[in-house]
Amino acid sequence: MDENDVQNNSIGIFDGFFDVGIPNRHYQQLQLNYTLPFDKIPFLKFIQTQYSYTGDFLWTKGSEILRDLEGIPDLGNSVQNSARHQINGNLNMSNFYSYLGLTKKKTQNPAEIKRNTSRRRGGQAQQGQSENQSQNQTITELSTGDKALNTLIGIVTALDRVQINYSDTKGIFLPGYTNDVGFGGTLKPTAGFTFGSQSDIRREVARKGWLTMYQDFNEQYVRTDNQQLDIQAGLNLLKGLTVDLIANRMYSDTYTENFRVDPDTQSYNSIIPNTFGNFNISTNMIRTSFNTSTKDQSENFEQFRENRLIIANRLAAEAGVNLNDPDNIDDNGFPVGFGRTSQSVLLPSFLSAYTGSSAESENLEPFRDVPIPAWNIKYTGFMRLTWFKENFNRFSVQHGYSSTYTINQFQSNLEFNRRDPFGDSNRDENGDYRPELFISNVNLIEQFSPLVKLDFEMKNSVSVNAEIRKDRALSLSLNNNLLTEMQGDEYIVGLGYRVKDLTVVTQFEGNRRVLSSDLNLKADLSLRRNETIIRNLDVLSNRVTSGQDIWSINFVADYAFTKNLTALFFYDHVFSQNAISTIFPQTTIRTGVTLRYNFGN
């Protein structure tokens with residue numbers, strides 16, 4: 001029917017029936033999983049590793065409106081892919097130690113001796129000699145040498161478990177692709193690309209005429225790379241002592257560029273390439289954690305200042321600068337091209353000063369390859385002693401530490417001269433050599449969570465939780481050479497008491513009912529002190545910009561009237577006093593009663 005409701009008889013009922021059209025999106029995926037055959041090798045049976053590969057491909061149809069514009073070539077569609085490699089490994093260290101024969105000698109009690117002797121009697125032909133022989137071979141008490149050997153084996157086999165997870169995900173996005181996709185899929189632009197290959201296909205696709213010829217095309221070619229490494233391990237040094245180690249590393253970057261295809265030569269021309277990304281790795285700052293750091297004095301910051309000259313001289317030596325020539329030394333005593341405000345100088349100096357490493361051996365590159373693990377230590381072995389068993393239901397001591405080094409964002413320095421990095425053409429306005437990557441900000445963060453924690457419950461139902469926490473965050477701005485240092489200390493004391501079988505008599509609508517349940521009382525008192533100091537490398541203008549002393553009192557009492565109904569009374573009191581006189585102290589009080597009813601069984 002047309003607009004006048006006149007039927008067009010020239011169109012048959014089956015016309016276009018088999019025309020499937022062009023899809024708007026086409027997605028395909030390849031998934032491979034493989035268990036590495038370490039179990040086939042006796043020495044490596046303790047390793048359990050799985051590898052997986054995922055290759056994704058997506059073709060997206062371009063806009064139909066932009067396809068037939070007058071004087072503008074076809075803007076095409078877009079194709080993108082990704083390839084994810086993932087390895088998950090577990091190391092069963094106990095199997096490894098057993099294979100090496102690193103097992104401790106054990107004693108047997110009299111009951112075990114009797115059972116073993118009875119088995120040998122029933123299973124051996126020579127019954128007359130078996131009993132005396134088995135008793136002679138049974139160890140009832142370890143010698144001093146055996147005890148020392150067991151101690152040595154315990155130290156060597158302290159590593160109890162290891163888990164390693166690594167993933168690397170890369171992807172390519174190519175706009176302006178003019179080819180369509182078939183009904184059953186496609187192997188273009190290349191078979192490898194459709195299964196996730198990250199080989200560079202830009203110039204090959206351009207030569208085949210599969211990229212738009214529009215000279216003002218402004219969509220960007222994008223390549224991404226994301227790497228993640230996580231390592232977890234456990235140590236078993238003593239009974240009741242658990243040590244957990246955690247290390248990680250994360251790297252992510254994105255490469256973008258505009259492009260043009262020459263209509264005469266079909267050559268691909270890259271325009272304004274740019275790389276940006278971020279980086280994070282676990283590190284360790286404990287060697288400088290307890291150094292003096294106040295508004296007027298900071299050992300670490302002074303070390304930061306001193307490290308700059310050492311790092312600058314190392315960089316100059318690598319660049320071939322003659323440090324004995326006075327013309328190669330600036331007014332501040334630094335090598336020309338590596339001044340005291342140069343990014344290449346500041347970054348390693350900062351990391352060396354606050355991680356406690358030597359500036360003479362500090363890595364000069366911004367990225368680190370090997371993560372240093374954080375740890376969490378908990379000891380409950382006191383409960384093995386008679387006095388603790390008689391007086392406590394539980395008793396534990398805990399300590400935890402973590403630290404990270406972070407580059408919030410790095411990006412390509414578009415003014416960097418790759419052909420002559422140490423030439424005069426690669427100097428900035430300060431006379432320093434431009435770095436290949438421009439980094440605006442780096443952070444070092446550490447936490448003692450907790451520095452020490454004592455948690456116990458006595459036989460009289462009194463529980464105590466005492467905890468000290470400490471944290472520090474350092475943020476270095478490479479734009480204005482300012483260091484922002486945030487320090488925090490927190491002290492927590494908690495008391496708890498359980499009134500067992502507290503009886504409550506209720507009378508509702510004349511029905512008398514006696515309820516019996518535990519009344520749990522818990523009170524926490526905490527003090528949190530934090531301060532933010534901004535330090536300037538070359539100007540004595542350290543100043544406190546913010547800070548607080550926060551007192552907090554929390555009290556909770558709960559009583560279960562029935563299995564489903566619980567009443568809870570709470571009181572929270574928070575008082576804060578600021579380090580800056582222009583900010584007024586604040587007090588917040590919350591109190592109330594909460595009734596909880598569980599409709600489940």
# chains A, B, ... in the order shown; residues from 1 in each chain; ligands from 1
call {"tool": "select_by_dssp", "arguments": {"residues": "region 30-254 of chain A", "states": "strand (DSSP E)", "output": "number ranges by chain"}}
result
A: 30-35, 47-60, 77-92, 159-177, 221-235, 241-254
call {"tool": "residues_around", "arguments": {"residues": "region 245-259 of chain A", "least_positions_apart": "3", "cutoff": "9 Å", "atoms": "only C-alpha atoms", "output": "ChimeraX atom specification"}}
result
/A:215,217-235,268-283,368-377,402,410-411
call {"tool": "write_last_selection", "arguments": {"atoms": "N, CA and C atoms", "output": "tab-separated table (two decimals), in the first residue's frame"}}
result
chain	number	residue	atom	x	y	z
A	215	GLN	N	39.61	12.72	4.49
A	215	GLN	CA	40.83	13.33	5.00
A	215	GLN	C	40.63	14.08	6.32
A	217	PHE	N	38.74	12.79	8.78
A	217	PHE	CA	38.22	11.78	9.71
A	217	PHE	C	38.88	11.98	11.09
A	218	ASN	N	38.06	12.05	12.14
A	218	ASN	CA	38.61	12.42	13.45
A	218	ASN	C	38.39	11.36	14.54
A	219	GLU	N	37.88	10.18	14.20
A	219	GLU	CA	37.84	9.12	15.21
A	219	GLU	C	39.23	8.54	15.39
A	220	GLN	N	39.54	8.12	16.60
A	220	GLN	CA	40.89	7.71	16.93
A	220	GLN	C	41.06	6.20	16.94
A	221	TYR	N	42.21	5.78	16.45
A	221	TYR	CA	42.67	4.41	16.62
A	221	TYR	C	43.15	4.27	18.07
A	222	VAL	N	42.74	3.19	18.74
A	222	VAL	CA	43.04	3.02	20.17
A	222	VAL	C	43.61	1.63	20.40
A	223	ARG	N	44.69	1.57	21.17
A	223	ARG	CA	45.27	0.30	21.60
A	223	ARG	C	45.43	0.34	23.11
A	224	THR	N	44.96	-0.68	23.80
A	224	THR	CA	45.00	-0.72	25.27
A	224	THR	C	45.79	-1.92	25.76
A	225	ASP	N	46.34	-1.79	26.95
A	225	ASP	CA	47.10	-2.87	27.58
A	225	ASP	C	46.90	-2.78	29.08
A	226	ASN	N	46.39	-3.86	29.69
A	226	ASN	CA	46.17	-3.90	31.13
A	226	ASN	C	46.80	-5.16	31.69
A	227	GLN	N	47.72	-4.98	32.63
A	227	GLN	CA	48.42	-6.11	33.25
A	227	GLN	C	48.17	-6.09	34.75
A	228	GLN	N	47.89	-7.27	35.30
A	228	GLN	CA	47.62	-7.38	36.73
A	228	GLN	C	48.31	-8.62	37.27
A	229	LEU	N	49.11	-8.44	38.32
A	229	LEU	CA	49.79	-9.54	38.99
A	229	LEU	C	49.43	-9.52	40.47
A	230	ASP	N	48.95	-10.66	40.97
A	230	ASP	CA	48.60	-10.81	42.39
A	230	ASP	C	49.27	-12.06	42.93
A	231	ILE	N	49.96	-11.90	44.05
A	231	ILE	CA	50.66	-13.01	44.69
A	231	ILE	C	50.24	-13.08	46.15
A	232	GLN	N	49.84	-14.26	46.59
A	232	GLN	CA	49.51	-14.48	47.99
A	232	GLN	C	50.28	-15.69	48.49
A	233	ALA	N	50.78	-15.57	49.71
A	233	ALA	CA	51.55	-16.67	50.29
A	233	ALA	C	51.30	-16.71	51.79
A	234	GLY	N	51.52	-17.87	52.35
A	234	GLY	CA	51.37	-18.04	53.80
A	234	GLY	C	52.59	-18.69	54.40
A	235	LEU	N	52.97	-18.23	55.58
A	235	LEU	CA	54.11	-18.80	56.30
A	235	LEU	C	53.60	-19.47	57.57
A	268	TYR	N	49.13	4.54	5.15
A	268	TYR	CA	48.54	4.92	6.44
A	268	TYR	C	49.47	5.93	7.11
A	269	ASN	N	48.94	7.08	7.51
A	269	ASN	CA	49.74	8.14	8.14
A	269	ASN	C	49.23	8.40	9.55
A	270	SER	N	50.12	8.21	10.54
A	270	SER	CA	49.76	8.46	11.94
A	270	SER	C	49.86	9.94	12.26
A	271	ILE	N	48.86	10.46	13.02
A	271	ILE	CA	48.83	11.87	13.41
A	271	ILE	C	48.59	11.96	14.92
A	272	ILE	N	49.41	12.73	15.60
A	272	ILE	CA	49.29	13.01	17.04
A	272	ILE	C	49.18	11.72	17.85
A	273	PRO	N	50.19	10.89	17.86
A	273	PRO	CA	50.15	9.71	18.75
A	273	PRO	C	50.29	10.13	20.21
A	274	ASN	N	49.58	9.44	21.07
A	274	ASN	CA	49.59	9.79	22.49
A	274	ASN	C	49.39	8.53	23.32
A	275	THR	N	50.17	8.42	24.37
A	275	THR	CA	50.06	7.29	25.31
A	275	THR	C	49.79	7.84	26.70
A	276	PHE	N	48.84	7.25	27.40
A	276	PHE	CA	48.58	7.63	28.78
A	276	PHE	C	48.15	6.40	29.56
A	277	GLY	N	48.33	6.45	30.86
A	277	GLY	CA	47.97	5.30	31.68
A	277	GLY	C	48.27	5.55	33.14
A	278	ASN	N	48.25	4.47	33.92
A	278	ASN	CA	48.53	4.58	35.36
A	278	ASN	C	49.24	3.31	35.81
A	279	PHE	N	49.79	3.39	37.02
A	279	PHE	CA	50.66	2.31	37.52
A	279	PHE	C	50.53	2.23	39.02
A	280	ASN	N	50.55	0.98	39.53
A	280	ASN	CA	50.45	0.75	40.97
A	280	ASN	C	51.21	-0.51	41.33
A	281	ILE	N	51.99	-0.45	42.40
A	281	ILE	CA	52.74	-1.63	42.83
A	281	ILE	C	52.91	-1.58	44.35
A	282	SER	N	52.89	-2.74	44.97
A	282	SER	CA	53.13	-2.80	46.41
A	282	SER	C	54.63	-2.61	46.67
A	283	THR	N	54.92	-1.84	47.69
A	283	THR	CA	56.31	-1.52	48.02
A	283	THR	C	56.48	-1.56	49.53
A	368	ARG	N	58.47	0.07	38.39
A	368	ARG	CA	59.14	-1.01	39.12
A	368	ARG	C	58.55	-2.34	38.67
A	369	ASP	N	59.41	-3.37	38.63
A	369	ASP	CA	58.98	-4.67	38.12
A	369	ASP	C	58.60	-5.65	39.22
A	370	VAL	N	59.30	-5.62	40.36
A	370	VAL	CA	59.11	-6.63	41.40
A	370	VAL	C	58.33	-6.03	42.57
A	371	PRO	N	57.11	-6.54	42.84
A	371	PRO	CA	56.35	-6.02	43.99
A	371	PRO	C	56.91	-6.55	45.31
A	372	ILE	N	56.89	-5.69	46.31
A	372	ILE	CA	57.33	-6.09	47.66
A	372	ILE	C	56.08	-6.39	48.49
A	373	PRO	N	56.01	-7.54	49.12
A	373	PRO	CA	54.74	-7.94	49.76
A	373	PRO	C	54.42	-7.16	51.03
A	374	ALA	N	53.13	-6.97	51.23
A	374	ALA	CA	52.60	-6.55	52.52
A	374	ALA	C	52.37	-7.79	53.37
A	375	TRP	N	52.09	-7.59	54.66
A	375	TRP	CA	51.93	-8.77	55.51
A	375	TRP	C	50.87	-8.53	56.59
A	376	ASN	N	50.35	-9.64	57.06
A	376	ASN	CA	49.44	-9.63	58.19
A	376	ASN	C	49.83	-10.79	59.10
A	377	ILE	N	50.14	-10.48	60.35
A	377	ILE	CA	50.65	-11.46	61.30
A	377	ILE	C	49.67	-11.58	62.47
A	402	SER	N	51.00	-2.56	55.06
A	402	SER	CA	50.88	-2.51	53.60
A	402	SER	C	51.36	-1.15	53.12
A	410	PHE	N	50.29	8.89	33.73
A	410	PHE	CA	51.43	9.28	32.90
A	410	PHE	C	50.94	9.40	31.47
A	411	GLN	N	51.61	10.24	30.70
A	411	GLN	CA	51.21	10.41	29.31
A	411	GLN	C	52.43	10.81	28.48
call {"tool": "closest_atom_pairs", "arguments": {"of": "region 26-70 of chain A", "to": "region 95-103 of chain A", "cutoff": "10 Å", "atoms": "only C-alpha atoms", "output": "Markdown table"}}
result
| residue | atom | partner | partner_atom | distance |
| --- | --- | --- | --- | --- |
| A:Pro42 | CA | A:Tyr99 | CA | 8.3 |
| A:Phe43 | CA | A:Tyr99 | CA | 7.3 |
| A:Leu44 | CA | A:Phe96 | CA | 7.8 |
| A:Lys45 | CA | A:Phe96 | CA | 7.6 |
| A:Phe46 | CA | A:Phe96 | CA | 5.5 |
| A:Ile47 | CA | A:Phe96 | CA | 8.7 |
call {"tool": "residues_around", "arguments": {"residues": "region 340-346 of chain A", "least_positions_apart": "2", "cutoff": "6 Å", "atoms": "only C-alpha atoms", "output": "list of chain:residue names"}}
result
A:Arg308, A:Ile311, A:Ala312, A:Phe338, A:Pro348, A:Ser349, A:Phe350
call {"tool": "write_last_selection", "arguments": {"atoms": "C-alpha atoms", "output": "CSV table (one decimal), in the first residue's frame"}}
result
chain,number,residue,atom,x,y,z
A,308,ARG,CA,68.6,15.1,44.1
A,311,ILE,CA,70.5,11.2,41.3
A,312,ALA,CA,71.3,14.1,38.9
A,338,PHE,CA,69.4,17.5,35.0
A,348,PRO,CA,64.0,8.6,42.0
A,349,SER,CA,65.1,11.0,44.7
A,350,PHE,CA,61.6,11.0,46.3
call {"tool": "select_by_dssp", "arguments": {"residues": "region 198-384 of chain A", "states": "alpha helix (DSSP H)", "output": "number ranges by chain"}}
result
A: 202-207, 299-318, 343-355
call {"tool": "closest_residue", "arguments": {"among": "A:Val462, A:Val504, A:Ala560, A:Val181", "to": "Leu58 (chain A)", "atoms": "only C-alpha atoms"}}
result
A:Val181
call {"tool": "atom_distance", "arguments": {"atom1": "CA of Thr212 (chain A)", "atom2": "CA of Gln80 (chain A)"}}
result
15.9 Å
call {"tool": "closest_residue", "arguments": {"among": "A:Leu454, A:Met383, A:Ala319, A:Ala206", "to": "Lys239 (chain A)", "atoms": "only C-alpha atoms"}}
result
A:Met383
call {"tool": "closest_residue", "arguments": {"among": "A:Leu69, A:Met486, A:Val442, A:Ala466", "to": "Thr294 (chain A)", "atoms": "only C-alpha atoms"}}
result
A:Met486
call {"tool": "residues_around", "arguments": {"residues": "Arg543 (chain A)", "least_positions_apart": "6", "cutoff": "7 Å", "atoms": "only C-alpha atoms", "output": "PyMOL selection string"}}
result
chain A and resi 295+533-535
call {"tool": "decode", "arguments": {"residues": "region 557-583 of chain A", "atoms": "N, CA, C and O atoms", "output": "short mmCIF file (atom, residue, chain, number, x, y, z; two decimals), in the first residue's frame"}}
result
data_model
loop_
_atom_site.label_atom_id
_atom_site.label_comp_id
_atom_site.auth_asym_id
_atom_site.auth_seq_id
_atom_site.Cartn_x
_atom_site.Cartn_y
_atom_site.Cartn_z
N ALA A 557 24.31 -2.16 73.24
CA ALA A 557 23.78 -3.23 74.08
C ALA A 557 22.68 -3.93 73.29
O ALA A 557 21.78 -3.27 72.75
N ASP A 558 22.76 -5.26 73.21
CA ASP A 558 21.73 -6.00 72.47
C ASP A 558 21.24 -7.18 73.29
O ASP A 558 21.99 -7.79 74.06
N TYR A 559 19.93 -7.47 73.11
CA TYR A 559 19.28 -8.56 73.85
C TYR A 559 18.29 -9.23 72.92
O TYR A 559 17.47 -8.57 72.26
N ALA A 560 18.36 -10.57 72.84
CA ALA A 560 17.47 -11.33 71.97
C ALA A 560 16.26 -11.79 72.77
O ALA A 560 16.38 -12.68 73.63
N PHE A 561 15.08 -11.17 72.49
CA PHE A 561 13.87 -11.58 73.19
C PHE A 561 13.41 -12.96 72.71
O PHE A 561 12.96 -13.79 73.51
N THR A 562 13.55 -13.18 71.42
CA THR A 562 13.25 -14.49 70.85
C THR A 562 14.32 -14.80 69.81
O THR A 562 15.24 -14.02 69.59
N LYS A 563 14.16 -15.95 69.17
CA LYS A 563 15.11 -16.31 68.11
C LYS A 563 15.05 -15.32 66.95
O LYS A 563 16.04 -15.12 66.24
N ASN A 564 13.88 -14.68 66.78
CA ASN A 564 13.70 -13.79 65.64
C ASN A 564 13.73 -12.31 66.02
O ASN A 564 13.97 -11.47 65.16
N LEU A 565 13.47 -11.98 67.26
CA LEU A 565 13.36 -10.57 67.67
C LEU A 565 14.53 -10.19 68.56
O LEU A 565 14.77 -10.83 69.59
N THR A 566 15.27 -9.15 68.15
CA THR A 566 16.41 -8.65 68.89
C THR A 566 16.27 -7.14 69.09
O THR A 566 15.93 -6.41 68.14
N ALA A 567 16.51 -6.69 70.33
CA ALA A 567 16.49 -5.26 70.63
C ALA A 567 17.93 -4.78 70.81
O ALA A 567 18.76 -5.46 71.41
N LEU A 568 18.21 -3.59 70.28
CA LEU A 568 19.56 -3.04 70.32
C LEU A 568 19.50 -1.57 70.69
O LEU A 568 18.75 -0.79 70.08
N PHE A 569 20.28 -1.21 71.71
CA PHE A 569 20.41 0.19 72.11
C PHE A 569 21.81 0.67 71.74
O PHE A 569 22.80 -0.03 71.98
N PHE A 570 21.91 1.85 71.12
CA PHE A 570 23.21 2.36 70.70
C PHE A 570 23.35 3.83 71.09
O PHE A 570 22.37 4.58 71.18
N TYR A 571 24.61 4.20 71.33
CA TYR A 571 24.95 5.59 71.64
C TYR A 571 26.31 5.90 71.00
O TYR A 571 27.30 5.23 71.29
N ASP A 572 26.34 6.88 70.11
CA ASP A 572 27.56 7.30 69.42
C ASP A 572 27.82 8.77 69.71
O ASP A 572 26.93 9.61 69.49
N HIS A 573 29.03 9.05 70.18
CA HIS A 573 29.40 10.43 70.50
C HIS A 573 30.75 10.72 69.82
O HIS A 573 31.74 10.06 70.12
N VAL A 574 30.76 11.69 68.92
CA VAL A 574 31.96 12.04 68.18
C VAL A 574 32.24 13.53 68.39
O VAL A 574 31.37 14.38 68.18
N PHE A 575 33.49 13.82 68.81
CA PHE A 575 33.91 15.20 69.01
C PHE A 575 35.21 15.42 68.25
O PHE A 575 36.14 14.62 68.36
N SER A 576 35.28 16.48 67.46
CA SER A 576 36.47 16.77 66.66
C SER A 576 36.96 18.18 66.93
O SER A 576 36.17 19.12 67.07
N GLN A 577 38.27 18.30 67.04
CA GLN A 577 38.93 19.59 67.21
C GLN A 577 39.99 19.73 66.13
O GLN A 577 40.84 18.87 65.97
N ASN A 578 39.92 20.80 65.35
CA ASN A 578 40.76 20.98 64.18
C ASN A 578 42.09 21.65 64.53
O ASN A 578 42.19 22.41 65.49
N ALA A 579 43.09 21.33 63.71
CA ALA A 579 44.42 21.90 63.92
C ALA A 579 44.50 23.35 63.46
O ALA A 579 45.43 24.06 63.83
N ILE A 580 43.54 23.79 62.66
CA ILE A 580 43.51 25.17 62.17
C ILE A 580 42.47 25.94 62.95
O ILE A 580 41.31 25.50 63.09
N SER A 581 42.84 27.10 63.45
CA SER A 581 41.96 27.87 64.32
C SER A 581 40.73 28.42 63.61
O SER A 581 39.75 28.78 64.24
N THR A 582 40.77 28.50 62.29
CA THR A 582 39.63 29.05 61.55
C THR A 582 38.48 28.06 61.41
O THR A 582 37.41 28.43 60.93
N ILE A 583 38.71 26.80 61.79
CA ILE A 583 37.66 25.79 61.70
C ILE A 583 37.19 25.46 63.10
O ILE A 583 37.98 25.14 63.99
#
